[in-house]
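*Asks:* See input.cif below, with mmCIF, C-alpha atoms.
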```
data_entry
loop_
_atom_site.label_atom_id
_atom_site.label_comp_id
_atom_site.auth_asym_id
_atom_site.auth_seq_id
_atom_site.Cartn_x
_atom_site.Cartn_y
_atom_site.Cartn_z
CA MET A 1 -64.53 5.10 -20.19
CA THR A 2 -63.57 3.00 -23.22
CA ALA A 3 -60.71 5.39 -24.04
CA VAL A 4 -59.40 5.22 -20.52
CA LEU A 5 -59.51 1.44 -20.46
CA LEU A 6 -57.79 1.30 -23.84
CA MET A 7 -54.97 3.60 -22.78
CA ALA A 8 -54.52 1.87 -19.45
CA ALA A 9 -54.46 -1.56 -21.09
CA MET A 10 -52.25 -0.39 -23.93
CA PHE A 11 -49.56 1.28 -21.85
CA SER A 12 -49.63 -0.64 -18.61
CA ALA A 13 -50.05 -4.16 -20.04
CA GLY A 14 -47.57 -3.73 -22.90
CA SER A 15 -45.20 -0.75 -22.78
CA LEU A 16 -44.68 -0.59 -19.02
CA ASP A 17 -43.83 -4.28 -18.88
CA SER A 18 -41.46 -3.81 -21.79
CA LEU A 19 -39.87 -0.78 -20.14
CA ASP A 20 -39.44 -2.65 -16.86
CA ALA A 21 -37.77 -5.53 -18.74
CA CYS A 22 -35.49 -3.05 -20.54
CA LEU A 23 -34.62 -1.38 -17.25
CA GLN A 24 -33.74 -4.70 -15.65
CA ASP A 25 -31.65 -5.81 -18.63
CA MET A 26 -29.86 -2.47 -18.79
CA GLN A 27 -29.10 -2.56 -15.05
CA GLN A 28 -27.65 -6.06 -15.42
CA GLU A 29 -25.51 -4.84 -18.32
CA ILE A 30 -24.25 -1.91 -16.23
CA THR A 31 -23.41 -4.30 -13.37
CA ARG A 32 -21.48 -6.55 -15.75
CA LEU A 33 -19.59 -3.59 -17.23
CA GLU A 34 -18.77 -2.27 -13.76
CA GLU A 35 -17.35 -5.66 -12.78
CA GLU A 36 -15.28 -5.69 -15.96
CA GLU A 37 -14.09 -2.15 -15.25
CA ALA A 38 -13.15 -3.16 -11.68
CA THR A 39 -11.12 -6.09 -13.05
CA LEU A 40 -9.31 -3.76 -15.46
CA SER A 41 -8.63 -1.33 -12.62
CA THR A 42 -7.03 -4.15 -10.63
CA ILE A 43 -4.92 -5.10 -13.65
CA LEU A 44 -3.85 -1.48 -14.13
CA ASP A 45 -2.90 -1.24 -10.43
CA ALA A 46 -0.76 -4.39 -10.76
CA ILE A 47 0.85 -3.06 -13.94
CA HIS A 48 1.62 0.20 -12.15
CA VAL A 49 3.32 -1.70 -9.30
CA HIS A 50 5.41 -3.68 -11.81
CA LEU A 51 6.27 -0.47 -13.61
CA LEU A 52 7.45 1.18 -10.39
CA THR A 53 9.54 -1.89 -9.54
CA SER A 54 11.11 -1.98 -13.00
CA ARG A 55 11.83 1.75 -12.86
CA GLU A 56 13.51 1.34 -9.48
CA TYR A 57 15.68 -1.52 -10.76
CA TYR A 58 16.42 0.40 -13.96
CA ASN A 59 17.53 3.44 -11.93
CA GLU A 60 19.78 1.21 -9.80
CA LEU A 61 21.34 -0.21 -12.96
CA ALA A 62 21.85 3.29 -14.35
CA LEU A 63 23.58 4.37 -11.12
CA GLU A 64 25.73 1.23 -11.15
CA GLU A 65 26.65 1.88 -14.78
CA ALA A 66 27.64 5.46 -13.94
CA ARG A 67 29.70 4.27 -10.96
CA ILE A 68 31.50 1.63 -13.06
CA LEU A 69 32.19 4.14 -15.82
CA GLN A 70 33.62 6.60 -13.30
CA GLN A 71 35.81 3.89 -11.77
CA LEU A 72 36.84 2.61 -15.20
CA ASN A 73 37.82 6.11 -16.29
CA ARG A 74 39.84 6.55 -13.10
CA VAL A 75 41.60 3.18 -13.50
CA SER A 76 42.25 3.83 -17.19
CA GLY A 77 43.79 7.19 -16.25
CA VAL A 78 46.06 5.62 -13.65
CA PHE A 79 46.94 2.82 -16.07
CA THR A 80 47.88 5.35 -18.73
CA GLU A 81 49.94 7.41 -16.26
CA GLU A 82 51.79 4.36 -14.93
CA ASP A 83 52.40 3.05 -18.43
CA SER A 84 53.87 6.38 -19.43
CA LEU A 85 55.91 6.50 -16.22
CA ARG A 86 57.16 2.92 -16.78
CA GLU A 87 58.20 3.68 -20.33
CA THR A 88 59.96 6.85 -19.21
CA LEU A 89 61.66 5.02 -16.33
CA VAL A 90 62.75 2.13 -18.55
CA GLU A 91 64.17 4.56 -21.06
CA SER A 92 65.92 6.57 -18.37
CA LEU A 93 67.16 3.39 -16.67
CA SER A 94 68.54 2.09 -19.92
CA SER A 95 70.45 5.31 -20.46
CA TYR A 96 71.50 5.46 -16.81
CA MET A 97 72.70 1.86 -16.68
CA LEU A 98 74.53 2.32 -19.93
CA TYR A 99 76.23 5.30 -18.42
CA LEU A 100 76.99 3.53 -15.16
CA TYR A 101 78.34 0.39 -16.69
CA SER A 102 80.38 2.39 -19.15
CA HIS A 103 82.08 3.98 -16.13
CA ARG A 104 82.13 0.79 -14.02
CA ASN A 105 85.79 0.20 -14.60
CA LEU A 106 86.72 3.86 -14.74
CA GLY A 107 90.44 4.25 -13.84
CA GLY A 108 91.56 1.11 -15.60
CA VAL A 109 94.35 -1.23 -14.43
CA GLY A 110 96.30 1.65 -12.94
CA SER A 111 93.81 1.98 -10.14
CA PHE A 112 95.17 -1.27 -8.61
CA PHE A 113 98.56 0.38 -7.96
CA VAL A 114 97.40 3.47 -6.09
CA GLU A 115 96.66 3.43 -2.40
CA GLY A 116 93.08 2.30 -1.78
CA GLY A 117 92.39 2.19 -5.52
CA PHE A 118 91.22 -1.42 -5.61
CA ARG A 119 88.84 -0.87 -2.68
CA ARG A 120 87.36 2.25 -4.27
CA MET A 121 86.84 0.37 -7.49
CA LEU A 122 84.99 -2.44 -5.67
CA HIS A 123 82.83 0.03 -3.77
CA ARG A 124 82.06 1.85 -7.01
CA GLN A 125 81.04 -1.37 -8.75
CA ALA A 126 78.85 -2.46 -5.79
CA TYR A 127 77.13 0.92 -5.69
CA ILE A 128 76.50 0.82 -9.43
CA ASP A 129 75.04 -2.68 -9.06
CA TYR A 130 72.84 -1.46 -6.21
CA LEU A 131 71.51 1.50 -8.23
CA ALA A 132 70.83 -0.74 -11.21
CA SER A 133 69.02 -3.31 -9.03
CA LYS A 134 66.89 -0.63 -7.39
CA ALA A 135 65.88 0.92 -10.71
CA ALA A 136 65.07 -2.53 -12.11
CA GLY A 137 62.92 -3.23 -9.03
CA GLU A 138 61.00 -0.03 -9.54
CA VAL A 139 60.38 -0.97 -13.16
CA PHE A 140 59.25 -4.45 -12.03
CA MET A 141 56.85 -3.00 -9.44
CA LEU A 142 55.42 -0.60 -12.00
CA SER A 143 54.92 -3.52 -14.42
CA MET A 144 53.18 -5.58 -11.71
CA SER A 145 50.97 -2.63 -10.78
CA GLN A 146 50.17 -2.04 -14.42
CA ASP A 147 49.27 -5.70 -14.93
CA SER A 148 46.99 -5.58 -11.90
CA LEU A 149 45.35 -2.37 -13.11
CA GLY A 150 44.91 -3.93 -16.54
CA SER A 151 43.16 -6.97 -15.07
CA TYR A 152 40.98 -4.73 -12.92
CA ARG A 153 40.16 -2.57 -15.92
CA ASP A 154 39.24 -5.66 -17.96
CA SER A 155 36.94 -6.84 -15.15
CA LEU A 156 35.29 -3.42 -15.00
CA GLU A 157 34.74 -3.44 -18.75
CA VAL A 158 33.09 -6.88 -18.57
CA LEU A 159 30.95 -5.73 -15.66
CA LEU A 160 30.02 -2.57 -17.56
CA ILE A 161 28.93 -4.63 -20.58
CA ASN A 162 26.77 -6.85 -18.35
CA VAL A 163 25.15 -3.86 -16.64
CA GLN A 164 24.48 -2.17 -19.97
CA HIS A 165 22.92 -5.41 -21.27
CA LEU A 166 20.67 -5.63 -18.20
CA ARG A 167 19.71 -1.99 -18.56
CA GLN A 168 18.77 -2.58 -22.21
CA GLN A 169 16.64 -5.54 -21.13
CA MET A 170 14.92 -3.36 -18.54
CA GLU A 171 14.27 -0.72 -21.19
CA ASN A 172 12.58 -3.37 -23.34
CA ILE A 173 10.60 -4.66 -20.35
CA GLN A 174 9.50 -1.14 -19.45
CA GLY A 175 8.48 -0.55 -23.07
CA GLY A 176 6.31 -3.67 -22.95
CA ILE A 177 4.80 -2.58 -19.62
CA TYR A 178 4.04 0.87 -21.04
CA GLU A 179 2.31 -0.68 -24.07
CA GLU A 180 0.24 -3.02 -21.91
CA GLU A 181 -0.64 -0.18 -19.55
CA ALA A 182 -1.80 1.93 -22.52
CA ARG A 183 -3.83 -1.00 -23.92
CA GLN A 184 -5.50 -1.72 -20.59
CA ALA A 185 -6.16 2.00 -20.04
CA LEU A 186 -7.80 2.21 -23.49
CA LEU A 187 -9.99 -0.82 -22.69
CA ARG A 188 -10.94 0.73 -19.37
CA SER A 189 -11.75 4.03 -21.07
CA GLN A 190 -13.92 2.23 -23.63
CA ILE A 191 -15.75 0.34 -20.89
CA MET A 192 -16.24 3.55 -18.89
CA GLY A 193 -17.75 5.08 -22.03
CA ARG A 194 -20.05 2.09 -22.44
CA ILE A 195 -21.04 2.35 -18.77
CA ALA A 196 -21.81 6.06 -19.20
CA ALA A 197 -23.86 5.34 -22.34
CA ALA A 198 -25.68 2.48 -20.60
CA ARG A 199 -26.46 4.68 -17.59
CA GLU A 200 -27.71 7.39 -19.89
CA SER A 201 -29.94 4.87 -21.67
CA LEU A 202 -31.07 3.57 -18.29
CA GLN A 203 -32.06 7.08 -17.25
CA VAL A 204 -33.95 7.59 -20.51
CA LEU A 205 -35.82 4.32 -19.99
CA GLU A 206 -36.60 5.22 -16.38
CA ASP A 207 -37.86 8.65 -17.39
CA ARG A 208 -39.99 7.05 -20.10
CA ARG A 209 -41.39 4.49 -17.68
CA LEU A 210 -42.23 7.17 -15.11
CA ALA A 211 -43.85 9.37 -17.77
CA THR A 212 -45.90 6.46 -19.10
CA SER A 213 -46.97 5.43 -15.61
CA SER A 214 -47.87 9.02 -14.75
CA PHE A 215 -49.87 9.37 -17.97
CA VAL A 216 -51.88 6.23 -17.31
CA THR A 217 -52.48 7.27 -13.71
CA GLN A 218 -53.73 10.70 -14.76
CA LEU A 219 -56.14 9.20 -17.28
CA SER A 220 -57.46 6.76 -14.71
CA VAL A 221 -57.94 9.46 -12.07
CA ARG A 222 -59.66 11.84 -14.45
CA SER A 223 -61.94 9.39 -16.18
CA THR A 224 -62.61 6.34 -13.99
CA SER A 225 -65.83 6.89 -12.08
CA SER A 226 -66.15 3.45 -10.49
CA SER A 227 -63.80 1.61 -8.20
CA SER A 228 -63.79 -1.45 -10.52
CA PRO A 229 -63.55 -0.40 -14.19
CA ALA A 230 -65.10 -2.73 -16.77
CA LEU A 231 -62.92 -5.00 -18.84
CA LEU A 232 -62.39 -4.26 -22.54
CA PRO A 233 -64.66 -6.36 -24.75
CA GLU A 234 -63.10 -9.12 -26.86
CA PRO A 235 -63.76 -8.63 -30.61
CA GLY A 236 -66.22 -10.95 -32.27
CA SER A 237 -65.91 -12.63 -35.64
CA ASP A 238 -67.91 -9.79 -37.22
CA ALA A 239 -65.32 -7.14 -36.21
CA TYR A 240 -64.04 -5.14 -39.18
CA LEU A 241 -60.38 -6.13 -38.75
CA GLU A 242 -61.38 -9.79 -38.29
CA ARG A 243 -63.43 -9.77 -41.47
CA GLN A 244 -60.73 -7.90 -43.39
CA ARG A 245 -57.78 -9.84 -41.95
CA GLY A 246 -55.05 -9.99 -44.60
CA SER A 247 -56.57 -7.23 -46.72
CA VAL A 248 -56.62 -4.20 -44.40
CA ILE A 249 -55.09 -1.16 -46.10
CA TRP A 250 -51.68 0.12 -44.92
CA PRO A 251 -51.66 3.56 -43.27
CA ALA A 252 -48.96 4.40 -45.85
CA ASP A 253 -46.60 2.51 -48.12
CA GLY A 254 -43.04 2.13 -46.90
CA GLN A 255 -40.41 -0.22 -45.47
CA VAL A 256 -40.84 -1.93 -42.09
CA VAL A 257 -37.66 -1.23 -40.12
CA ARG A 258 -38.85 -2.52 -36.72
CA GLY A 259 -41.15 -5.49 -36.57
CA PHE A 260 -43.62 -6.62 -33.95
CA GLY A 261 -42.40 -8.50 -30.86
CA ILE A 262 -39.03 -9.08 -29.22
CA GLU A 263 -35.81 -7.64 -30.62
CA THR A 264 -32.27 -8.21 -29.26
CA HIS A 265 -29.93 -5.21 -29.00
CA PRO A 266 -26.84 -5.89 -31.21
CA GLU A 267 -24.34 -4.42 -28.71
CA TYR A 268 -25.72 -4.99 -25.23
CA GLY A 269 -27.65 -8.17 -25.95
CA THR A 270 -30.72 -6.84 -24.15
CA GLU A 271 -34.19 -7.69 -25.41
CA THR A 272 -36.90 -5.12 -26.05
CA THR A 273 -40.50 -5.64 -27.06
CA SER A 274 -42.40 -3.62 -29.65
CA ASP A 275 -46.18 -3.71 -29.55
CA GLY A 276 -46.37 -2.53 -33.16
CA ILE A 277 -44.31 -1.91 -36.29
CA THR A 278 -42.22 1.07 -37.40
CA VAL A 279 -42.38 1.94 -41.10
CA VAL A 280 -40.09 4.31 -43.06
CA THR A 281 -41.82 6.40 -45.73
CA GLN A 282 -41.31 9.47 -47.88
CA PRO A 283 -41.11 12.80 -46.00
CA SER A 284 -44.53 14.21 -45.00
CA GLN A 285 -46.34 11.28 -46.59
CA ASP A 286 -50.10 11.00 -45.95
CA ILE A 287 -51.03 8.59 -43.14
CA ARG A 288 -54.56 7.20 -43.39
CA SER A 289 -56.78 5.17 -41.07
CA SER A 290 -56.84 1.44 -41.72
CA ALA A 291 -60.44 0.93 -40.55
CA PRO A 292 -63.53 2.96 -39.60
CA GLY A 293 -63.54 4.30 -36.06
CA VAL A 294 -63.63 7.21 -33.60
CA VAL A 295 -60.60 9.33 -32.61
CA ILE A 296 -60.09 8.90 -28.85
CA TYR A 297 -56.57 10.39 -28.69
CA ALA A 298 -54.94 12.98 -30.95
CA ARG A 299 -51.94 14.89 -29.57
CA GLU A 300 -48.30 14.62 -28.49
CA PHE A 301 -47.43 11.48 -26.53
CA LEU A 302 -44.03 11.04 -24.80
CA ASP A 303 -41.37 10.13 -27.41
CA ARG A 304 -43.91 8.90 -30.00
CA GLY A 305 -44.37 12.37 -31.43
CA GLN A 306 -47.91 13.27 -32.49
CA MET A 307 -50.10 10.19 -31.96
CA VAL A 308 -53.64 9.16 -32.91
CA VAL A 309 -55.65 6.34 -31.29
CA LEU A 310 -58.77 5.03 -33.04
CA ASP A 311 -61.53 3.07 -31.28
CA HIS A 312 -63.15 0.85 -33.91
CA GLN A 313 -66.01 0.17 -31.46
CA ASP A 314 -65.88 -3.57 -31.96
CA GLY A 315 -63.11 -4.49 -29.51
CA TYR A 316 -60.27 -3.38 -31.83
CA PHE A 317 -58.10 -0.26 -31.49
CA THR A 318 -55.34 1.05 -33.74
CA VAL A 319 -52.49 3.41 -32.83
CA TYR A 320 -50.62 5.73 -35.25
CA GLY A 321 -47.42 7.29 -33.82
CA TYR A 322 -44.40 9.42 -34.88
CA LEU A 323 -46.72 11.67 -36.89
CA GLY A 324 -45.29 15.01 -37.94
CA GLN A 325 -48.76 16.60 -38.35
CA LEU A 326 -52.29 15.71 -37.28
CA ALA A 327 -55.35 15.97 -39.56
CA VAL A 328 -57.98 14.82 -37.02
CA SER A 329 -59.18 15.87 -33.58
CA LEU A 330 -60.52 14.11 -30.52
CA GLY A 331 -64.03 12.71 -31.21
CA ASP A 332 -63.78 12.76 -35.03
CA GLN A 333 -65.51 9.90 -36.88
CA VAL A 334 -63.28 8.43 -39.62
CA ASP A 335 -63.63 5.85 -42.38
CA ALA A 336 -61.04 3.45 -43.75
CA GLY A 337 -58.63 5.56 -45.78
CA THR A 338 -59.38 8.86 -43.99
CA LEU A 339 -56.35 11.17 -43.73
CA ILE A 340 -55.35 11.36 -40.05
CA GLY A 341 -51.89 12.97 -40.35
CA ARG A 342 -48.51 12.97 -42.08
CA SER A 343 -45.32 11.02 -41.45
CA GLY A 344 -42.75 12.42 -39.03
CA PRO A 345 -39.28 11.41 -37.83
CA VAL A 346 -38.96 7.87 -36.44
CA PRO A 347 -36.02 6.72 -34.26
CA GLY A 348 -32.92 7.19 -36.39
CA GLY A 349 -34.22 10.39 -37.99
CA GLN A 350 -35.87 8.95 -41.11
CA PRO A 351 -39.47 9.92 -41.99
CA GLY A 352 -42.10 7.32 -41.18
CA TYR A 353 -44.77 6.22 -38.70
CA TYR A 354 -45.58 3.69 -35.99
CA PHE A 355 -48.63 1.42 -36.31
CA GLU A 356 -50.18 -0.77 -33.65
CA VAL A 357 -53.23 -3.04 -33.51
CA ARG A 358 -54.91 -3.79 -30.16
CA LYS A 359 -57.30 -6.70 -29.91
CA GLY A 360 -59.33 -6.46 -26.71
CA GLY A 361 -56.54 -4.36 -25.19
CA HIS A 362 -53.75 -6.79 -26.16
CA PRO A 363 -51.20 -6.05 -28.90
CA SER A 364 -51.39 -8.09 -32.09
CA ASP A 365 -48.98 -8.24 -35.02
CA PRO A 366 -50.29 -5.60 -37.48
CA GLU A 367 -48.83 -7.47 -40.47
CA ASP A 368 -51.26 -10.31 -39.77
CA TYR A 369 -54.07 -7.92 -40.79
CA LEU A 370 -52.50 -5.73 -43.47
CA GLU A 371 -52.70 -6.58 -47.13
#
```
With the file now loaded, output its structure as structure tokens.
*Replies:*
Amino acid sequence: MTAVLLMAAMFSAGSLDSLDACLQDMQQEITRLEEEEATLSTILDAIHVHLLTSREYYNELALEEARILQQLNRVSGVFTEEDSLRETLVESLSSYMLYLYSHRNLGGVGSFFVEGGFRRMLHRQAYIDYLASKAAGEVFMLSMSQDSLGSYRDSLEVLLINVQHLRQQMENIQGGIYEEEARQALLRSQIMGRIAAARESLQVLEDRRLATSSFVTQLSVRSTSSSSPALLPEPGSDAYLERQRGSVIWPADGQVVRGFGIETHPEYGTETTSDGITVVTQPSQDIRSSAPGVVIYAREFLDRGQMVVLDHQDGYFTVYGYLGQLAVSLGDQVDAGTLIGRSGPVPGGQPGYYFEVRKGGHPSDPEDYLE
């Protein structure tokens, strides 16, 4: 009966409450991370829309640049052809006019004294003037066309420079968008990893809580014979641990790596409660009882490894967890300093043990009693 009441008080009053608090804190952390992930998803969606818009504008600029280049090449080709044609025509005209005007007065003064000679000479001169004027007009029109093509070509070159400048700006903008998208995606990936880790921790805590609750229930069903079990007695001033407070021997020398009470998680900010202390020791170091008592539990317990519970039969109980080996059995009578087991792996993988003091079923800081 005493063992059942101890275990029920120990696990339901302390560990189950602590596990429930951890579960609640972890669920709140998951909710916060999910909200943060949703915000990042919205940001990524907006970035994607901006990226699509910039790509569309960039593609339009690239098409416009290609169109301008094609038109510029065509205009430059026509300009070159007309320039060559104008130079050829001017050269030919110069030679032709030189020839014509050198023959303008062909026949000399004697042509005035032949029948119709003067008229023919006038007609010849008028025709030569007409041919010269027509050729000069063609040269003028070619020059005007070439000037117009040159202005158009200059305008296309300016437009091409502006389009290329805009396209370079869009390349820079797209580069910035890509970098921001990658940064936000990395943040989202990190948060998704934290959510997965938090959910995994939440499942571990839930499994632990269910296992603890099931264990307590099984003990109560097997061992409680009355419908209203008796309360655990409160220790008196003559209890061993009361009399030896401050000078009780340590189960084993070592370094306390987890103290009694509330501890805040460095990453998630959640608070967890420890009903005892965790001590790191040498591998397989002897673990001894801190006070005389009776072994009421000696076997594997959940994630505490091999565990021993001593009833000191004065209202005090002590718990020794994370043991690698047991040296006592259920019902054994032990004295202070009796070997009860050897150190095993504590959380983190180092060798050590867990030690807990229960006063009337309630956890007390073990270091208040130890020497």
*Asks:* I'd like to know which of A:Leu186, A:Arg358, A:Glu35, A:Asp332 is closest to A:Pro235, using only C-alpha atoms.
*Replies:*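 With only C-alpha atoms as the atom set, the closest residue is A:Arg358.
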*Asks:* Mind checking which residues fall within 10 Å of A:Arg183, counting all atoms listed in the file, ignoring those fewer than 6 positions away in the same chain, and posting them as number ranges by chain?
*Replies:* A: 44, 177, 189
*Asks:* Using 6 Å of padding on each side, determine the axis-aligned box around all atoms of stretch 283-298 of chain A present in the file and give its centre and edge lengths in Å to one decimal, as JSON.
*Replies:*
```
{"center_x": -52.4, "center_y": 7.6, "center_z": -37.6, "size_x": 34.5, "size_y": 25.3, "size_z": 29.9}
```
*Asks:* What is the distance, in Å and to one decimal place, between atom CA of A:Val256 and atom CA of A:Glu300?
*Replies:* 22.7 Å
*Asks:* Could you state the separation of atom CA of A:Asp45 and atom CA of A:Gly175 in Å, given to one decimal place?
*Replies:*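 Taking atom CA of A:Asp45 as the start and atom CA of A:Gly175 as the end point, the length is 17.0 Å.
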*Asks:* For A:Val295, which residue out of A:Thr338, A:Asn172, A:Gln255, A:Ser155 is the nearest one, using only C-alpha atoms?
*Replies:*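 Ranked by minimum distance to A:Val295, first place goes to A:Thr338.
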*Asks:* Would you work out the distance separating atom CA of A:Ala291 from atom CA of A:Val257, expressed in Å to one decimal?
*Replies:*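 We find that atom CA of A:Ala291 and atom CA of A:Val257 lie 22.9 Å from each other.
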*Asks:* For a quick check of understanding, using only C-alpha atoms, which of A:Ala197, A:Thr264, A:Glu82, A:Ala38 has the smallest distance to A:Met141?
*Replies:*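 Distance minimum relative to A:Met141 lands on A:Glu82.
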*Asks:* For this structure, which residues satisfy the selection - the PyMOL selection byres ((chain A and resi 190-196) around 8) - when it is evaluated on the file as given? I want them as a VMD selection string.
*Replies:* chain A and resid 30 33 to 34 36 to 37 186 to 189 197 to 200
*Asks:* Selected residues, C-alpha atoms, written as a PDB file, keeping the file's coordinate frame, please.
*Replies:*
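What follows is the written file part.pdb:
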```pdb
ATOM      1  CA  ILE A  30     -24.250  -1.910 -16.230  1.00  0.00           C
ATOM      2  CA  LEU A  33     -19.590  -3.590 -17.230  1.00  0.00           C
ATOM      3  CA  GLU A  34     -18.770  -2.270 -13.760  1.00  0.00           C
ATOM      4  CA  GLU A  36     -15.280  -5.690 -15.960  1.00  0.00           C
ATOM      5  CA  GLU A  37     -14.090  -2.150 -15.250  1.00  0.00           C
ATOM      6  CA  LEU A 186      -7.800   2.210 -23.490  1.00  0.00           C
ATOM      7  CA  LEU A 187      -9.990  -0.820 -22.690  1.00  0.00           C
ATOM      8  CA  ARG A 188     -10.940   0.730 -19.370  1.00  0.00           C
ATOM      9  CA  SER A 189     -11.750   4.030 -21.070  1.00  0.00           C
ATOM     10  CA  ALA A 197     -23.860   5.340 -22.340  1.00  0.00           C
ATOM     11  CA  ALA A 198     -25.680   2.480 -20.600  1.00  0.00           C
ATOM     12  CA  ARG A 199     -26.460   4.680 -17.590  1.00  0.00           C
ATOM     13  CA  GLU A 200     -27.710   7.390 -19.890  1.00  0.00           C
TER      14      GLU A 200
END
```
*Asks:* Determine, counting all atoms listed in the file, which protein, DNA and RNA residues have an atom within 8 Å of an atom of A:Val75; residues of the same chain fewer than 2 positions away are not included. Present the result as a PyMOL selection string.
*Replies:* chain A and resi 71-73+77-79+149+152-153
